[in-house]
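J.: Sending over a structure as structure tokens; questions will come in a sec.
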Amino acid sequence: MVDYFSLALTHGLLALAAFRLMLRADLDRDPEPQSGDEHEPKAAAPVRKGAHRV
Amino acid sequence: MFDLALAGFMAGFLALGFRRPFLWVLAYLYVDIVAPQKISYFLLASIPLSLIVFVGAFGAWAMADDKQDSRFALRQALLLLLFAYCGYTTMTADFPINAAEKWAWVWKAMVFAIFLPLTLRTRLRFEAVALVMVLSAASIIISGSIKTLATGGGYGALKLLVNDNTGLYESSIISCVAIAIIPLILWLKKHGTIFPEDWRSKLFAAALIFACLLIPIGTQARTGLICIGVLVVLMLRSVKRRFLFVSLIGIAAAAAIPLLPASYTERMSTIESHKTDESASGRIAIWGWTWEYVQDHPLGGGFDAYRGNRIRFNTIDKESAGNNTDVEATVITDKARAYHSSYFEMLGEQGWPGFLAWIWLQLLGLWQMERIRSRWLKRDGPGEQWQSPLANALQQAQVIYLVGSLFVGIAFQPFILMLIGVQCGLWTYLRRIDSERALAARLALRKPPAAAAKIPAPAPAPA
């Protein structure tokens, strides 16, 4: 039971992370420099199909 | 049902990789750490999953990934040299069959560590690799820690997800790795963008760090306690309020000691009185044997050369009653005792050439992380906040590993080789960023002001 809980929690997070990464264009290409004083990038907006570089 | 869920997860992960090929690299990290084919009963267990994902990760990179920004670092060359040398010693090994068995997984881990930095060319990829490594290890750690809370664990008694004592499922190794990833957890909590910092990520990070600290208690591996001590000392360097940090650690330790199982405190006390303990005395004897061995075999005996040892050593047991102390010495003979130290493992198996390449690889990593740490520490521009803390976390993880390695033979542990791969990637990535900036600055100086204004700024170290 404990094993199943641990696996479900971590694999759920891994699946969510993989899904979010799939939507991030900056996984394959660093974003251009931004103006303003943001220090960490926000999660990038979903990319249009075919808009990313592989 | 469980098998279906695990297979579905794996299939989904790999399917996403068709959209983003880098996810295959992450899938390999996951498979190598968690070994889902060992957890599975039949579905994943019936296919060569590790090989499929290994080939897939290479194939996806070779066919679909941009290689323009990939760089090959000196440490990758050192890994390649070590890889070639290990191949040679495997062919001339004292125990060819056993050596071939170890080589079967070592070569893959080394090749992947050489390959991984080539794929790490964006900021998000570093974060993704760190996150997948931490969450994969967390699969084992969370389960082990809950069992520790419920049963107290015990040396050799704590059952992890897989009960076969290989990879991260070996008690001393998971104890060392669980502590080594704590700095990475802290970095992900603060600088993560996949799971940005909010109350949920903070809560999860705190719970996972607590779980990591429970693993050395559950496994009762003395290495883990030493690693915790090293972590505390290392963190003194980076925490802002040192006095508060030390006070909190002191209070936490004082509160935790009465709650620890008696078997744990008994076992930890043998760190000081190692002469009474067979395991500790045996280690010293085997290290002596290895030192003698390498004098006769300076090129090493190949993997598993320890199988040739025959050792004799004494354990001394003292019992005091009033003014009298009875000293009882017991002579123990043993054979084929493992190295129980990465340093002696390298020395015995790969001789001086392998040992020197390995130690150079490690020391160069510490130095490079220190360079990045200090170079980026004072930068405060947009997107310049994550580099120094990541180098610091990777350096701390490596120091913890190197101290844990004094007592555990984990010279070729794939998880650690992955960490080395991330270090190599960070070093080449940030060097590229710096050189691009320097080039842009030089060009800007040469151009007249009107033309210079038109030069696009180089891609900075993105946040």
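Labels used: A, B, ... for chains in the order of the structure tokens, numbers from 1 for residues in each chain, and numbers from 1 for ligands as shown.
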Which residues, written as JSON, numbers by chain, have at least one atom at most 10 Å from Leu131 of chain B, with only C-alpha atoms counted and residues fewer than 3 positions away on the same chain left out?

T.: {"A": [13, 14, 17], "B": [26, 125, 126, 127, 128, 134, 135, 136, 137, 184, 185, 187, 188, 189, 192, 194, 195]}

J.: Emit the selected residues as a PDB file, in the first residue's frame, including C-alpha atoms.

T.:
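And here is the file that came out, result-v1.pdb:
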ATOM      1  CA  LEU A  13       4.059  14.480 -10.642  1.00  0.00           C
ATOM      2  CA  LEU A  14       6.357  13.063 -13.320  1.00  0.00           C
ATOM      3  CA  ALA A  17       5.893  17.593 -15.437  1.00  0.00           C
TER       4      ALA A  17
ATOM      5  CA  LEU B  26      14.212  12.206 -19.394  1.00  0.00           C
ATOM      6  CA  ARG B 125      16.455  21.235 -19.775  1.00  0.00           C
ATOM      7  CA  PHE B 126      18.675  21.553 -16.702  1.00  0.00           C
ATOM      8  CA  GLU B 127      15.623  22.024 -14.566  1.00  0.00           C
ATOM      9  CA  ALA B 128      13.808  19.120 -16.230  1.00  0.00           C
ATOM     10  CA  VAL B 134      14.713  13.977  -7.888  1.00  0.00           C
ATOM     11  CA  LEU B 135      11.180  12.674  -8.494  1.00  0.00           C
ATOM     12  CA  SER B 136      12.487   9.296  -9.679  1.00  0.00           C
ATOM     13  CA  ALA B 137      14.639   8.903  -6.576  1.00  0.00           C
ATOM     14  CA  LEU B 184      18.851  19.875  -5.627  1.00  0.00           C
ATOM     15  CA  ILE B 185      15.403  19.734  -4.010  1.00  0.00           C
ATOM     16  CA  TRP B 187      17.183  24.529  -5.800  1.00  0.00           C
ATOM     17  CA  LEU B 188      14.091  23.176  -7.576  1.00  0.00           C
ATOM     18  CA  LYS B 189      11.842  24.633  -4.900  1.00  0.00           C
ATOM     19  CA  GLY B 192      11.694  25.779 -10.485  1.00  0.00           C
ATOM     20  CA  ILE B 194       7.829  23.544 -14.126  1.00  0.00           C
ATOM     21  CA  PHE B 195       6.427  23.575 -10.610  1.00  0.00           C
TER      22      PHE B 195
END

J.: Using only C-alpha atoms, which residues sit within 7 Å of segment 3-6 of chain A once same-chain residues fewer than 2 positions away are excluded, as a short mmCIF file (atom, residue, chain, number, x, y, z; two decimals) with C-alpha atoms, in the first residue's frame?

T.:
data_model
loop_
_atom_site.label_atom_id
_atom_site.label_comp_id
_atom_site.auth_asym_id
_atom_site.auth_seq_id
_atom_site.Cartn_x
_atom_site.Cartn_y
_atom_site.Cartn_z
CA MET A 1 0.00 0.00 0.00
CA ALA A 8 1.24 7.11 -7.53
CA LEU A 9 2.42 10.43 -6.06
CA THR A 10 5.77 10.60 -7.80
CA SER B 139 9.68 7.06 -5.67
CA ILE B 142 9.04 8.30 0.02
CA SER B 143 8.11 4.65 0.28
CA LEU B 161 10.31 -1.02 -3.83
#

J.: Show me which bits of chain B are within 9 Å of chain A, counting only C-alpha atoms, as a short mmCIF file (atom, residue, chain, number, x, y, z; two decimals) with N, CA and C atoms, in the first residue's frame.

T.:
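The resulting out-v2.cif:
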data_model
loop_
_atom_site.label_atom_id
_atom_site.label_comp_id
_atom_site.auth_asym_id
_atom_site.auth_seq_id
_atom_site.Cartn_x
_atom_site.Cartn_y
_atom_site.Cartn_z
N PHE B 2 -1.99 -2.77 -11.60
CA PHE B 2 -0.78 -2.00 -11.32
C PHE B 2 0.15 -2.01 -12.54
N LEU B 6 1.43 1.23 -14.73
CA LEU B 6 2.86 1.53 -14.93
C LEU B 6 3.21 1.55 -16.42
N PHE B 9 1.75 4.67 -17.97
CA PHE B 9 2.58 5.84 -17.66
C PHE B 9 3.79 5.89 -18.60
N GLY B 12 2.76 6.69 -22.17
CA GLY B 12 2.39 8.10 -22.29
C GLY B 12 3.62 9.00 -22.32
N PHE B 13 4.56 8.71 -21.43
CA PHE B 13 5.79 9.49 -21.35
C PHE B 13 6.53 9.44 -22.69
N LEU B 16 4.76 11.38 -25.51
CA LEU B 16 5.01 12.84 -25.48
C LEU B 16 6.36 13.16 -26.12
N GLY B 17 7.26 12.19 -26.05
CA GLY B 17 8.59 12.38 -26.64
C GLY B 17 8.57 12.53 -28.14
N ARG B 19 6.60 14.50 -29.62
CA ARG B 19 6.42 15.94 -29.79
C ARG B 19 7.68 16.69 -29.35
N ARG B 20 8.25 16.24 -28.23
CA ARG B 20 9.48 16.86 -27.72
C ARG B 20 10.51 15.76 -27.50
N PRO B 21 11.43 15.59 -28.44
CA PRO B 21 12.36 14.46 -28.36
C PRO B 21 13.17 14.40 -27.05
N PHE B 22 13.37 15.56 -26.43
CA PHE B 22 14.17 15.56 -25.20
C PHE B 22 13.51 14.72 -24.10
N LEU B 23 12.20 14.54 -24.19
CA LEU B 23 11.51 13.73 -23.17
C LEU B 23 12.00 12.28 -23.17
N LEU B 26 14.76 12.24 -20.76
CA LEU B 26 14.21 12.21 -19.39
C LEU B 26 13.68 10.81 -19.07
N ALA B 64 16.36 14.41 -34.36
CA ALA B 64 15.42 15.53 -34.27
C ALA B 64 15.90 16.73 -33.48
N ASP B 65 17.02 16.61 -32.77
CA ASP B 65 17.41 17.71 -31.89
C ASP B 65 18.43 18.62 -32.57
N ASP B 66 18.41 19.89 -32.15
CA ASP B 66 19.37 20.86 -32.67
C ASP B 66 20.72 20.62 -32.00
N ARG B 121 21.10 22.12 -23.49
CA ARG B 121 21.45 23.39 -24.13
C ARG B 121 20.40 24.47 -23.89
N THR B 122 19.46 24.24 -23.00
CA THR B 122 18.56 25.33 -22.57
C THR B 122 18.41 25.27 -21.05
N ARG B 123 18.04 26.38 -20.49
CA ARG B 123 17.88 26.45 -19.04
C ARG B 123 16.84 25.45 -18.55
N LEU B 124 15.73 25.33 -19.32
CA LEU B 124 14.65 24.46 -18.89
C LEU B 124 15.08 22.99 -18.87
N ARG B 125 16.01 22.63 -19.76
CA ARG B 125 16.46 21.24 -19.77
C ARG B 125 17.21 20.87 -18.50
N ALA B 128 14.56 20.35 -15.98
CA ALA B 128 13.81 19.12 -16.23
C ALA B 128 14.61 17.90 -15.79
N LEU B 131 14.67 17.76 -12.03
CA LEU B 131 13.35 17.38 -11.50
C LEU B 131 13.08 15.89 -11.68
N VAL B 132 13.38 15.37 -12.85
CA VAL B 132 13.12 13.95 -13.10
C VAL B 132 14.03 13.08 -12.21
N LEU B 135 12.47 13.37 -8.64
CA LEU B 135 11.18 12.67 -8.49
C LEU B 135 11.34 11.16 -8.64
N SER B 136 12.26 10.74 -9.51
CA SER B 136 12.49 9.30 -9.68
C SER B 136 13.07 8.71 -8.39
N ALA B 138 12.70 9.98 -5.56
CA ALA B 138 11.66 10.13 -4.54
C ALA B 138 10.71 8.94 -4.51
N SER B 139 10.54 8.26 -5.65
CA SER B 139 9.68 7.06 -5.67
C SER B 139 10.17 6.05 -4.63
N ILE B 140 11.48 5.92 -4.55
CA ILE B 140 12.07 4.96 -3.61
C ILE B 140 12.10 5.56 -2.21
N ILE B 141 12.45 6.84 -2.15
CA ILE B 141 12.68 7.49 -0.85
C ILE B 141 11.38 7.64 -0.05
N ILE B 142 10.31 8.07 -0.71
CA ILE B 142 9.04 8.30 0.02
C ILE B 142 8.54 6.99 0.61
N SER B 143 8.57 5.95 -0.22
CA SER B 143 8.11 4.65 0.28
C SER B 143 8.97 4.19 1.47
N GLY B 144 10.30 4.30 1.31
CA GLY B 144 11.21 3.87 2.38
C GLY B 144 11.02 4.66 3.65
N ILE B 146 8.26 6.25 4.73
CA ILE B 146 7.00 5.94 5.43
C ILE B 146 7.15 4.61 6.19
N LYS B 147 7.83 3.66 5.57
CA LYS B 147 8.06 2.38 6.26
C LYS B 147 8.95 2.58 7.49
N LEU B 160 12.70 -1.84 0.29
CA LEU B 160 12.39 -0.76 -0.65
C LEU B 160 11.53 -1.34 -1.77
N LEU B 161 11.25 -0.55 -2.79
CA LEU B 161 10.31 -1.02 -3.83
C LEU B 161 10.73 -2.34 -4.44
N HIS B 191 13.94 27.79 -7.62
CA HIS B 191 14.14 28.27 -8.99
C HIS B 191 13.32 27.50 -10.01
N GLY B 192 12.47 26.59 -9.55
CA GLY B 192 11.69 25.78 -10.48
C GLY B 192 10.67 26.60 -11.25
N THR B 193 10.50 26.26 -12.53
CA THR B 193 9.45 26.90 -13.32
C THR B 193 8.43 25.87 -13.81
N ILE B 194 8.80 24.59 -13.76
CA ILE B 194 7.83 23.54 -14.13
C ILE B 194 6.79 23.46 -13.01
N PHE B 195 7.29 23.44 -11.79
CA PHE B 195 6.43 23.58 -10.61
C PHE B 195 6.91 24.83 -9.87
N PRO B 196 6.37 26.00 -10.25
CA PRO B 196 6.88 27.24 -9.64
C PRO B 196 6.67 27.26 -8.12
N ASP B 380 23.30 40.10 -11.19
CA ASP B 380 21.93 40.28 -10.71
C ASP B 380 20.98 40.71 -11.82
N GLY B 381 21.39 40.47 -13.06
CA GLY B 381 20.51 40.83 -14.17
C GLY B 381 19.37 39.85 -14.31
N PRO B 382 18.46 40.16 -15.25
CA PRO B 382 17.35 39.23 -15.48
C PRO B 382 17.89 37.88 -15.96
N GLY B 383 17.38 36.83 -15.36
CA GLY B 383 17.80 35.49 -15.80
C GLY B 383 19.19 35.11 -15.36
N GLU B 384 19.73 35.77 -14.36
CA GLU B 384 21.08 35.42 -13.91
C GLU B 384 21.09 34.95 -12.46
N GLN B 385 19.94 34.50 -12.01
CA GLN B 385 19.82 34.15 -10.60
C GLN B 385 19.96 32.65 -10.32
N TRP B 386 19.78 31.83 -11.34
CA TRP B 386 19.70 30.39 -11.07
C TRP B 386 21.03 29.66 -11.21
N ALA B 457 21.21 41.78 -29.15
CA ALA B 457 21.87 41.30 -27.93
C ALA B 457 21.98 39.79 -28.02
N PRO B 458 23.05 39.20 -27.46
CA PRO B 458 23.18 37.75 -27.50
C PRO B 458 22.13 37.13 -26.59
N ALA B 459 21.81 35.88 -26.88
CA ALA B 459 20.89 35.17 -25.99
C ALA B 459 21.55 35.11 -24.64
N PRO B 460 20.97 35.66 -23.61
CA PRO B 460 21.64 35.67 -22.32
C PRO B 460 21.46 34.31 -21.66
N ALA B 461 22.09 34.16 -20.52
CA ALA B 461 21.78 32.99 -19.72
C ALA B 461 20.34 33.19 -19.33
N PRO B 462 19.47 32.47 -20.00
CA PRO B 462 18.06 32.76 -19.73
C PRO B 462 17.68 32.36 -18.33
N ALA B 463 16.65 32.96 -17.84
CA ALA B 463 16.27 32.69 -16.47
C ALA B 463 15.71 31.32 -16.36
#

J.: What does the structure give for the distance between atom CA of Ser50 of chain B and atom CA of Arg307 of chain B, in Å to one decimal?

T.: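 Computing the Euclidean distance for atom CA of Ser50 of chain B and atom CA of Arg307 of chain B yields 28.2 Å.
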
J.: By how many Å are atom CA of Pro36 of chain B and atom CA of Gly404 of chain B apart?

T.: 26.2 Å

J.: Using Å and a single decimal, report how far atom CA of Arg375 of chain B sits from atom CA of Ser435 of chain B.

T.: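 Rounded to one decimal, the two atoms are 13.6 Å apart.
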
J.: Give me the residues within 7 Å of Trp24 of chain B as number ranges by chain, counting only C-alpha atoms and dropping any in the same chain fewer than 4 places off.

T.: B: 14, 17, 28, 53, 56-57

J.: Near Gln423 of chain B, counting only C-alpha atoms, which residues have an atom at most 9 Å away, once you skip same-chain residues fewer than 3 positions from it, shown as a PDB file with C-alpha atoms, in the first residue's frame?

T.:
ATOM      1  CA  PRO B 117      25.645  17.164 -21.635  1.00  0.00           C
ATOM      2  CA  GLY B 365      33.959  18.932 -11.268  1.00  0.00           C
ATOM      3  CA  GLN B 368      34.299  23.949 -12.213  1.00  0.00           C
ATOM      4  CA  MET B 369      31.226  24.230  -9.989  1.00  0.00           C
ATOM      5  CA  ALA B 391      26.356  24.997  -9.409  1.00  0.00           C
ATOM      6  CA  LEU B 394      25.604  20.185  -7.788  1.00  0.00           C
ATOM      7  CA  GLN B 395      28.853  20.798  -5.930  1.00  0.00           C
ATOM      8  CA  MET B 418      24.128  11.545 -14.341  1.00  0.00           C
ATOM      9  CA  LEU B 419      24.994  14.306 -11.862  1.00  0.00           C
ATOM     10  CA  ILE B 420      28.440  14.532 -13.466  1.00  0.00           C
ATOM     11  CA  LEU B 426      26.212  23.400 -17.065  1.00  0.00           C
ATOM     12  CA  TRP B 427      29.892  24.180 -17.543  1.00  0.00           C
ATOM     13  CA  THR B 428      29.745  24.129 -21.367  1.00  0.00           C
TER      14      THR B 428
END

J.: Using only C-alpha atoms, determine which residues lie at most 6 Å from segment 337-342 of chain B, disregarding the query and same-chain residues fewer than 4 positions distant; provide the list as a count of residues only.

T.: 8

J.: Choose the residue, out of B:Ile33, B:Val399, B:Phe243, B:Thr315, that has the smallest atom-to-atom separation from Val162 of chain B; count only C-alpha atoms.

T.: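 Closest to Val162 of chain B, using only C-alpha atoms: B:Ile33.
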
J.: Tell me which protein, DNA and RNA residues are within 10 Å of Phe115 of chain B, counting only C-alpha atoms, leaving out same-chain ones fewer than 2 positions away, and put them as JSON, numbers by chain.

T.: {"B": [25, 57, 58, 61, 72, 76, 109, 110, 111, 112, 113, 117, 118, 119, 120, 418, 421, 425]}
